[in-house]
Amino acid sequence: MSDRRSFLKKSGLFGLTALASNLLSEEKINALQTLGKEAGDKTPFALPALPYAYDALEPFIDKQTMEIHHTKHHQAYVNKLNETPSTNLDYSSNDAVKCSRVDKSTSAVIRNNLGGHYNHSLFWTLLKPNPESKANLPAGKLNEAITKNFKTFEDFKKEFSEKATKHFGSGWCWLIEQNGKLKITTTPNQDNPLMKLEGIEKGKIIVALDVWEHAYYLKYQNKRADYISNWWNVVNWEKAEELFTK
Ligand code: MN
């Protein structure tokens, strides 16, 4: 009964309940309820808008790369997820929880496209314009934790850049918090540190860097290291601090 009531309420039909109960057969009410549940539980995935213009990260990340990355690559992950209804996905949970339930039994299509959607959604928010090329450094609690774990920010930057540069093939480089310690780790393809997969360091994500060629090839060609050294200028440390302290 409570299920039916919440469906009717959600559908704006609550006021008609009494009437409906009299006019509709139990069978029809059940059918309506099922329809409502399906619609409610399988909220389609959607491409989030960028919090800045495509050219806002110039000269460090170019407009064309940002536009193609967002409207073609990220959109493709979203489309694939919506085309592939999965009985194993809890559609009512948020995307971080969905990722945390990915394990070796998860199909490749869900693992890759859910990861692709989640990682990019996070990545966009971890970038911010820096048109005047100001020094871009973490502050507050995150800065304290970085210097505690890596000695200096420069040591941290060096280790992160090396790991991101040397990661073989497509993937991501992350700063995570694991059991109270900060760690730099990489994952292949669209896997991420929330997933329960062998060989993946699990932890809370604080910084994310996409090292797929599609993230830099138009401007930097094969020079991933140059892309990474420029990316430091547009890291959104305020967002990273928010992820770290939440
Ligand atoms: Mn990408």
# chains A, B, ... in the order shown; residues from 1 in each chain; ligands from 1
call {"tool": "residues_around", "arguments": {"residues": "A:Ile206", "least_positions_apart": "5", "cutoff": "8 Å", "atoms": "only C-alpha atoms", "output": "compact mmCIF listing (two decimals) with N, CA and C atoms, in the first residue's frame"}}
result
# COMPACT_ATOMS: atom_id res chain seq x y z
N TRP A 174 45.27 9.35 -10.09
CA TRP A 174 44.43 9.84 -8.99
C TRP A 174 45.26 10.20 -7.77
N LEU A 175 44.77 11.19 -7.02
CA LEU A 175 45.21 11.35 -5.63
C LEU A 175 44.04 10.86 -4.80
N ILE A 176 44.31 9.86 -3.96
CA ILE A 176 43.23 9.31 -3.13
C ILE A 176 43.64 9.35 -1.65
N GLU A 177 42.63 9.25 -0.80
CA GLU A 177 42.88 9.04 0.62
C GLU A 177 42.49 7.61 0.95
N ALA A 240 39.08 20.10 -4.93
CA ALA A 240 39.84 18.98 -4.34
C ALA A 240 39.75 19.03 -2.82
N GLU A 241 39.86 20.24 -2.27
CA GLU A 241 39.74 20.43 -0.81
C GLU A 241 38.35 19.97 -0.32
N LEU A 243 36.41 17.75 -1.73
CA LEU A 243 36.34 16.28 -1.79
C LEU A 243 37.12 15.66 -0.63
N PHE A 244 38.25 16.29 -0.30
CA PHE A 244 39.11 15.76 0.77
C PHE A 244 38.43 15.88 2.14
call {"tool": "residues_near_ligand", "arguments": {"ligand": "ligand 1", "cutoff": "6 Å", "atoms": "only C-alpha atoms and all ligand atoms", "output": "list in words"}}
result
Asp210, Trp212 and Ala215 of chain A
call {"tool": "closest_residue", "arguments": {"among": "A:Leu197, A:Ala76, A:Leu182, A:Leu122", "to": "A:Lys148", "atoms": "only C-alpha atoms"}}
result
A:Leu182
call {"tool": "residues_around", "arguments": {"residues": "stretch 187-189 of chain A", "least_positions_apart": "3", "cutoff": "6 Å", "atoms": "only C-alpha atoms", "output": "compact mmCIF listing (two decimals) with N, CA and C atoms, in the first residue's frame"}}
result
# COMPACT_ATOMS: atom_id res chain seq x y z
N SER A 170 45.72 3.89 -22.05
CA SER A 170 44.65 4.76 -21.58
C SER A 170 44.40 4.56 -20.09
N GLY A 171 43.98 5.61 -19.43
CA GLY A 171 43.66 5.46 -18.02
C GLY A 171 43.62 6.79 -17.29
N TRP A 172 43.70 6.70 -15.97
CA TRP A 172 43.57 7.86 -15.10
C TRP A 172 44.63 7.83 -14.02
call {"tool": "closest_residue", "arguments": {"among": "A:Lys104, A:Lys63, A:Lys239, A:Lys98", "to": "A:Glu198", "atoms": "only C-alpha atoms"}}
result
A:Lys104
call {"tool": "select_by_dssp", "arguments": {"residues": "stretch 25-200 of chain A", "states": "strand (DSSP E or B)", "output": "list in words"}}
result
Leu127, Gly171, Trp172, Cys173, Trp174, Leu175, Ile176, Glu177, Gln178, Lys181, Leu182, Lys183, Ile184, Thr185, Thr186, Thr187 and Pro188 of chain A
